[in-house]
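Chemist: This is the structure I want to talk about, given as structure tokens.
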Amino acid sequence: MTSNPPFRNFIRFLDESLIEHYGDAGDSALDGIIGSQVEILRGDIFHLERTGQKAVVRELLSPIPSTPLFVCIGLNYRDHAKEAELEVPPNPVVFTKPPDALAGPYSEIIVPPEAKMMDYEAELCVIISKTGKNIPEDQALSYVLGFTAGNDLSSRYWQRAPRSGGQYCFAKSFDGFAPLGPTVLHPSLVTRPLRIQTRVNGEARQNASTDDMIFTVKQIIAHVSRGTTLRQGTVIMTGTPAGIAGKMPGQPWLKHGDVVEVEISQIGCLKNRLLFEAES
């Protein structure tokens with residue numbers, strides 16, 4: 001473990017004067033960051049330093065202002081493979097989401113009329129700290145800035161045959177379909193499996209541990225960087241556990257006004273309301 005990490009749980013926020021800062025929420029205020037007082041961090045997200053100065057959080061933003069790409073892993077929890085009645089893959093299944101899928105931890109998500117059969121996917125996300133290629137597995141964690149929570153929102157209408165052609169990307173690539181946050185946990189502080197949960201309007205849907213993952217973070221980073229440049233700021237979404245709407249009795253798809261919470265221990269809870277646009 002890093003003896004004195006530059007942050008425990010960094011956030012990006014607006015203070016009471018609507019000035020943007022990075023800050024360290026620590027690990028004691030994850031359930032009540034809004035209105036709390038946090039230490040201001042200076043620098044950009046890849047070179048943060050403590051200042052000793054404090055500010056009150058008025059609004060939480062996405063912890064990263066932008067990303068060059070979301071690299072996503074499909075079918076990476078054993079129980080999810082069972083519910084989907086699919087074989088465990090021999091290597092990580094990879095797809096991508098575009099930069100404009102990024103949204104904040106409490107953002108309202110606008111769902112276009114084309115995105116039907118809407119589903120949630122709680123995911124542990126990895127933020128890449130430096131650009132690399134052909135990264136050895138034993139060096140992979142040195143490329144990790146931190147871990148955050150994400151929701152890989154998905155339109156199953158476009159993910160299923162015959163519209164998908166066997167591809168995931170379009171179904172998951174609408175603007176705002178990747179809310180992240182609320183904090184980024186320093187990698188040195190992850191010393192045990194993390195609990196990952198989803199609630200829809202307060203109803204539990206997903207509840208798992210990251211020790212059910214098929215491929216580890218180190219294995220994923222090594223795989224997705226094979227012959228491929230992994231840019232600084234890339235977000236890797238490491239897959240979702242069992243409990244998606246598409247595999248529940250009656251397939252209770254998300255609907256207008258639903259509030260989806262994705263919570264990961266030591267990181268905090270996303271809370272996003274979905275607003276469906278009317279068809280013209």
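As shown in the structure tokens, the chain order sets the letters A, B, ...; within each chain, residues go from 1, and ligands are also counted from 1 in the order they appear.
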Give me the residues within 9 Å of Thr51 of chain A as a ChimeraX atom specification, counting only C-alpha atoms and dropping any in the same chain fewer than 4 places off.
Modeler: /A:39-42
Chemist: Under the rule that only C-alpha atoms are counted, which of A:Ile221, A:Ile110, A:Val190, A:Val93 is the nearest residue to Gln167 of chain A?
Modeler: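 Distance minimum relative to Gln167 of chain A lands on A:Val93.
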Chemist: Nearest to Cys269 of chain A among A:Pro98, A:Gly74, A:Gly132, A:Gly32, with distances taken over only C-alpha atoms: which residue is it?
Modeler: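 The answer is A:Gly32, which sits nearest to Cys269 of chain A.
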Chemist: Find the residue from A:Lys247, A:Arg12, A:Arg205, A:Arg156 that sits nearest to Pro105 of chain A; use only C-alpha atoms when measuring.
Modeler: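 For Pro105 of chain A, the nearest of the candidates is A:Arg12.
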Chemist: Give me, as a count of residues only, all polymer residues having an atom no more than 12 Å from His47 of chain A, counting only C-alpha atoms and skipping those fewer than 3 positions away in the same chain.
Modeler: 13
Chemist: Can you pull out the residues contacting segment 53-63 of chain A? Cut-off 8 Å, using only C-alpha atoms, and skip same-chain residues under 2 positions away; I want them as a VMD selection string.
Modeler: chain A and resid 10 to 16 18 33 to 40 51 65 102 to 106 179 to 184
Chemist: How would the residues just picked look written out with N, CA and C atoms as a compact mmCIF listing (two decimals), in the first residue's frame?
Modeler:
```txt
# COMPACT_ATOMS: atom_id res chain seq x y z
N PHE A 10 -10.96 10.81 -4.51
CA PHE A 10 -11.03 12.16 -5.08
C PHE A 10 -12.35 12.38 -5.80
N ILE A 11 -12.77 13.63 -5.79
CA ILE A 11 -14.00 14.05 -6.45
C ILE A 11 -13.71 15.30 -7.28
N ARG A 12 -14.59 15.59 -8.23
CA ARG A 12 -14.57 16.87 -8.94
C ARG A 12 -15.89 17.54 -8.60
N PHE A 13 -15.83 18.80 -8.17
CA PHE A 13 -17.04 19.42 -7.63
C PHE A 13 -17.03 20.93 -7.83
N LEU A 14 -18.21 21.51 -7.62
CA LEU A 14 -18.37 22.96 -7.56
C LEU A 14 -18.56 23.34 -6.10
N ASP A 15 -17.86 24.43 -5.70
CA ASP A 15 -18.03 24.91 -4.33
C ASP A 15 -19.21 25.88 -4.24
N GLU A 16 -19.38 26.51 -3.11
CA GLU A 16 -20.53 27.39 -2.90
C GLU A 16 -20.50 28.62 -3.81
N LEU A 18 -19.55 28.28 -6.94
CA LEU A 18 -19.62 27.64 -8.26
C LEU A 18 -18.25 27.59 -8.94
N ILE A 33 -21.82 13.42 0.52
CA ILE A 33 -20.75 14.30 0.03
C ILE A 33 -21.28 15.72 -0.20
N ILE A 34 -22.49 15.84 -0.77
CA ILE A 34 -23.07 17.16 -1.01
C ILE A 34 -23.26 17.85 0.34
N GLY A 35 -22.74 19.07 0.44
CA GLY A 35 -22.85 19.84 1.67
C GLY A 35 -21.72 19.59 2.66
N SER A 36 -20.88 18.60 2.38
CA SER A 36 -19.76 18.31 3.28
C SER A 36 -18.56 19.19 2.93
N GLN A 37 -17.64 19.27 3.86
CA GLN A 37 -16.41 20.04 3.66
C GLN A 37 -15.29 19.06 3.33
N VAL A 38 -14.59 19.32 2.24
CA VAL A 38 -13.53 18.41 1.79
C VAL A 38 -12.25 19.20 1.57
N GLU A 39 -11.14 18.46 1.58
CA GLU A 39 -9.85 19.09 1.29
C GLU A 39 -9.70 19.31 -0.22
N ILE A 40 -9.29 20.51 -0.61
CA ILE A 40 -9.05 20.83 -2.01
C ILE A 40 -7.73 20.20 -2.46
N THR A 51 -3.59 20.32 -0.53
CA THR A 51 -3.35 21.74 -0.26
C THR A 51 -3.57 22.10 1.20
N PRO A 65 -13.21 14.96 -16.26
CA PRO A 65 -13.92 15.88 -17.16
C PRO A 65 -14.18 15.31 -18.53
N LEU A 102 -20.09 9.70 -21.43
CA LEU A 102 -19.77 10.09 -20.06
C LEU A 102 -20.87 10.97 -19.46
N ALA A 103 -21.23 10.68 -18.20
CA ALA A 103 -22.20 11.49 -17.45
C ALA A 103 -21.77 11.51 -15.99
N GLY A 104 -22.37 12.42 -15.23
CA GLY A 104 -22.01 12.60 -13.84
C GLY A 104 -22.73 11.65 -12.91
N PRO A 105 -22.32 11.61 -11.65
CA PRO A 105 -22.89 10.64 -10.70
C PRO A 105 -24.35 10.89 -10.35
N TYR A 106 -24.80 12.15 -10.49
CA TYR A 106 -26.19 12.47 -10.18
C TYR A 106 -26.91 13.09 -11.39
N PRO A 179 -22.73 6.98 -16.81
CA PRO A 179 -22.47 7.81 -15.62
C PRO A 179 -21.39 7.17 -14.74
N LEU A 180 -20.53 8.03 -14.19
CA LEU A 180 -19.42 7.58 -13.35
C LEU A 180 -19.42 8.34 -12.03
N GLY A 181 -18.80 7.73 -11.00
CA GLY A 181 -18.58 8.43 -9.75
C GLY A 181 -19.07 7.62 -8.56
N PRO A 182 -19.36 8.28 -7.44
CA PRO A 182 -19.14 9.71 -7.21
C PRO A 182 -17.68 10.05 -6.90
N THR A 183 -16.89 9.02 -6.48
CA THR A 183 -15.49 9.26 -6.14
C THR A 183 -14.60 8.33 -6.94
N VAL A 184 -13.31 8.63 -6.91
CA VAL A 184 -12.29 7.73 -7.46
C VAL A 184 -11.42 7.27 -6.30
```
Chemist: If you run DSSP on this backbone, which residues of segment 22-231 of chain A come out as alpha helix (DSSP H), and could you give them as a list in words?
Modeler: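 Residues meeting the alpha helix (DSSP H) criterion: Arg78, Asp79, His80, Ala81, Lys82, Glu83, Arg156, Tyr157, Trp158, Gln159, Cys169, Phe170, Ala171, Lys172, Val217, Lys218, Gln219, Ile220, Ile221, Ala222, His223 and Val224 of chain A.
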Chemist: Output N, CA and C atoms of each residue in that selection to a file, as a PDB file, in the first residue's frame.
Modeler:
```
ATOM      1  N   ARG A  78     -19.103 -14.703 -13.113  1.00  0.00           N
ATOM      2  CA  ARG A  78     -19.537 -16.085 -13.295  1.00  0.00           C
ATOM      3  C   ARG A  78     -21.049 -16.231 -13.185  1.00  0.00           C
ATOM      4  N   ASP A  79     -21.660 -15.573 -12.185  1.00  0.00           N
ATOM      5  CA  ASP A  79     -23.111 -15.698 -12.014  1.00  0.00           C
ATOM      6  C   ASP A  79     -23.868 -15.043 -13.165  1.00  0.00           C
ATOM      7  N   HIS A  80     -23.297 -13.990 -13.751  1.00  0.00           N
ATOM      8  CA  HIS A  80     -23.941 -13.363 -14.906  1.00  0.00           C
ATOM      9  C   HIS A  80     -23.881 -14.294 -16.119  1.00  0.00           C
ATOM     10  N   ALA A  81     -22.760 -14.988 -16.282  1.00  0.00           N
ATOM     11  CA  ALA A  81     -22.659 -15.962 -17.375  1.00  0.00           C
ATOM     12  C   ALA A  81     -23.709 -17.059 -17.207  1.00  0.00           C
ATOM     13  N   LYS A  82     -23.940 -17.480 -15.944  1.00  0.00           N
ATOM     14  CA  LYS A  82     -24.947 -18.515 -15.692  1.00  0.00           C
ATOM     15  C   LYS A  82     -26.344 -18.019 -16.035  1.00  0.00           C
ATOM     16  N   GLU A  83     -26.683 -16.781 -15.598  1.00  0.00           N
ATOM     17  CA  GLU A  83     -28.038 -16.297 -15.870  1.00  0.00           C
ATOM     18  C   GLU A  83     -28.267 -16.064 -17.357  1.00  0.00           C
ATOM     19  N   ARG A 156     -31.354  -2.923 -24.824  1.00  0.00           N
ATOM     20  CA  ARG A 156     -31.341  -4.315 -25.285  1.00  0.00           C
ATOM     21  C   ARG A 156     -32.002  -4.464 -26.655  1.00  0.00           C
ATOM     22  N   TYR A 157     -32.854  -3.511 -26.993  1.00  0.00           N
ATOM     23  CA  TYR A 157     -33.489  -3.538 -28.324  1.00  0.00           C
ATOM     24  C   TYR A 157     -32.419  -3.577 -29.422  1.00  0.00           C
ATOM     25  N   TRP A 158     -31.363  -2.779 -29.230  1.00  0.00           N
ATOM     26  CA  TRP A 158     -30.297  -2.711 -30.225  1.00  0.00           C
ATOM     27  C   TRP A 158     -29.189  -3.730 -29.960  1.00  0.00           C
ATOM     28  N   GLN A 159     -29.221  -4.364 -28.796  1.00  0.00           N
ATOM     29  CA  GLN A 159     -28.197  -5.360 -28.482  1.00  0.00           C
ATOM     30  C   GLN A 159     -28.589  -6.752 -28.960  1.00  0.00           C
ATOM     31  N   CYS A 169     -21.876  -2.433 -29.382  1.00  0.00           N
ATOM     32  CA  CYS A 169     -21.508  -1.013 -29.234  1.00  0.00           C
ATOM     33  C   CYS A 169     -22.680  -0.042 -29.351  1.00  0.00           C
ATOM     34  N   PHE A 170     -23.460  -0.120 -30.421  1.00  0.00           N
ATOM     35  CA  PHE A 170     -24.491   0.890 -30.644  1.00  0.00           C
ATOM     36  C   PHE A 170     -25.509   0.899 -29.515  1.00  0.00           C
ATOM     37  N   ALA A 171     -25.846  -0.271 -28.992  1.00  0.00           N
ATOM     38  CA  ALA A 171     -26.854  -0.379 -27.933  1.00  0.00           C
ATOM     39  C   ALA A 171     -26.442   0.355 -26.668  1.00  0.00           C
ATOM     40  N   LYS A 172     -25.151   0.611 -26.503  1.00  0.00           N
ATOM     41  CA  LYS A 172     -24.616   1.157 -25.275  1.00  0.00           C
ATOM     42  C   LYS A 172     -23.942   2.521 -25.459  1.00  0.00           C
ATOM     43  N   VAL A 217      -8.528  -7.271 -12.913  1.00  0.00           N
ATOM     44  CA  VAL A 217      -8.161  -5.982 -13.507  1.00  0.00           C
ATOM     45  C   VAL A 217      -6.810  -6.089 -14.213  1.00  0.00           C
ATOM     46  N   LYS A 218      -5.858  -6.752 -13.600  1.00  0.00           N
ATOM     47  CA  LYS A 218      -4.534  -6.905 -14.220  1.00  0.00           C
ATOM     48  C   LYS A 218      -4.622  -7.671 -15.536  1.00  0.00           C
ATOM     49  N   GLN A 219      -5.400  -8.726 -15.553  1.00  0.00           N
ATOM     50  CA  GLN A 219      -5.553  -9.509 -16.783  1.00  0.00           C
ATOM     51  C   GLN A 219      -6.241  -8.694 -17.875  1.00  0.00           C
ATOM     52  N   ILE A 220      -7.229  -7.902 -17.485  1.00  0.00           N
ATOM     53  CA  ILE A 220      -7.954  -7.090 -18.462  1.00  0.00           C
ATOM     54  C   ILE A 220      -7.038  -6.047 -19.083  1.00  0.00           C
ATOM     55  N   ILE A 221      -6.281  -5.328 -18.255  1.00  0.00           N
ATOM     56  CA  ILE A 221      -5.390  -4.286 -18.779  1.00  0.00           C
ATOM     57  C   ILE A 221      -4.357  -4.892 -19.726  1.00  0.00           C
ATOM     58  N   ALA A 222      -3.776  -6.026 -19.340  1.00  0.00           N
ATOM     59  CA  ALA A 222      -2.798  -6.681 -20.209  1.00  0.00           C
ATOM     60  C   ALA A 222      -3.432  -7.083 -21.540  1.00  0.00           C
ATOM     61  N   HIS A 223      -4.669  -7.587 -21.483  1.00  0.00           N
ATOM     62  CA  HIS A 223      -5.323  -8.048 -22.705  1.00  0.00           C
ATOM     63  C   HIS A 223      -5.688  -6.897 -23.636  1.00  0.00           C
ATOM     64  N   VAL A 224      -6.330  -5.859 -23.103  1.00  0.00           N
ATOM     65  CA  VAL A 224      -6.824  -4.789 -23.993  1.00  0.00           C
ATOM     66  C   VAL A 224      -5.696  -3.913 -24.520  1.00  0.00           C
TER      67      VAL A 224
END
```
Chemist: I want to know what sits within 12 Å of Glu277 of chain A, based on only C-alpha atoms, with residues of the same chain fewer than 4 positions away left out; could you give that as a ChimeraX atom specification?
Modeler: /A:109-116,255-257
Chemist: Would you give me, as a VMD selection string, the residues in segment 45-247 of chain A that DSSP reads as strand (DSSP E or B)?
Modeler: chain A and resid 49 to 56 59 to 61 70 to 74 77 93 to 97 102 to 103 109 to 111 118 to 119 122 to 128 132 144 to 151 154 to 155 178 to 185 195 to 200 203 to 209 213 230 235 to 237
Chemist: Set the distance at 6 Å and use only C-alpha atoms: which residues neighbour Met118 of chain A once local chain neighbours fewer than 4 positions away are removed? I'd like the list as a PyMOL selection string.
Modeler: chain A and resi 154-155+253-254
Chemist: I'd like the contact shell of Ile244 of chain A - 9 Å cut-off, only C-alpha atoms, skipping same-chain residues fewer than 6 positions apart - returned as number ranges by chain.
Modeler: A: 80, 119-122, 205-206, 251
Chemist: So the first atom is atom CA of Phe177 of chain A and the second is atom CA of Pro162 of chain A; what is the distance between them in Å, to one decimal place?
Modeler: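 Value for the atom CA of Phe177 of chain A-atom CA of Pro162 of chain A distance: 22.1 Å.
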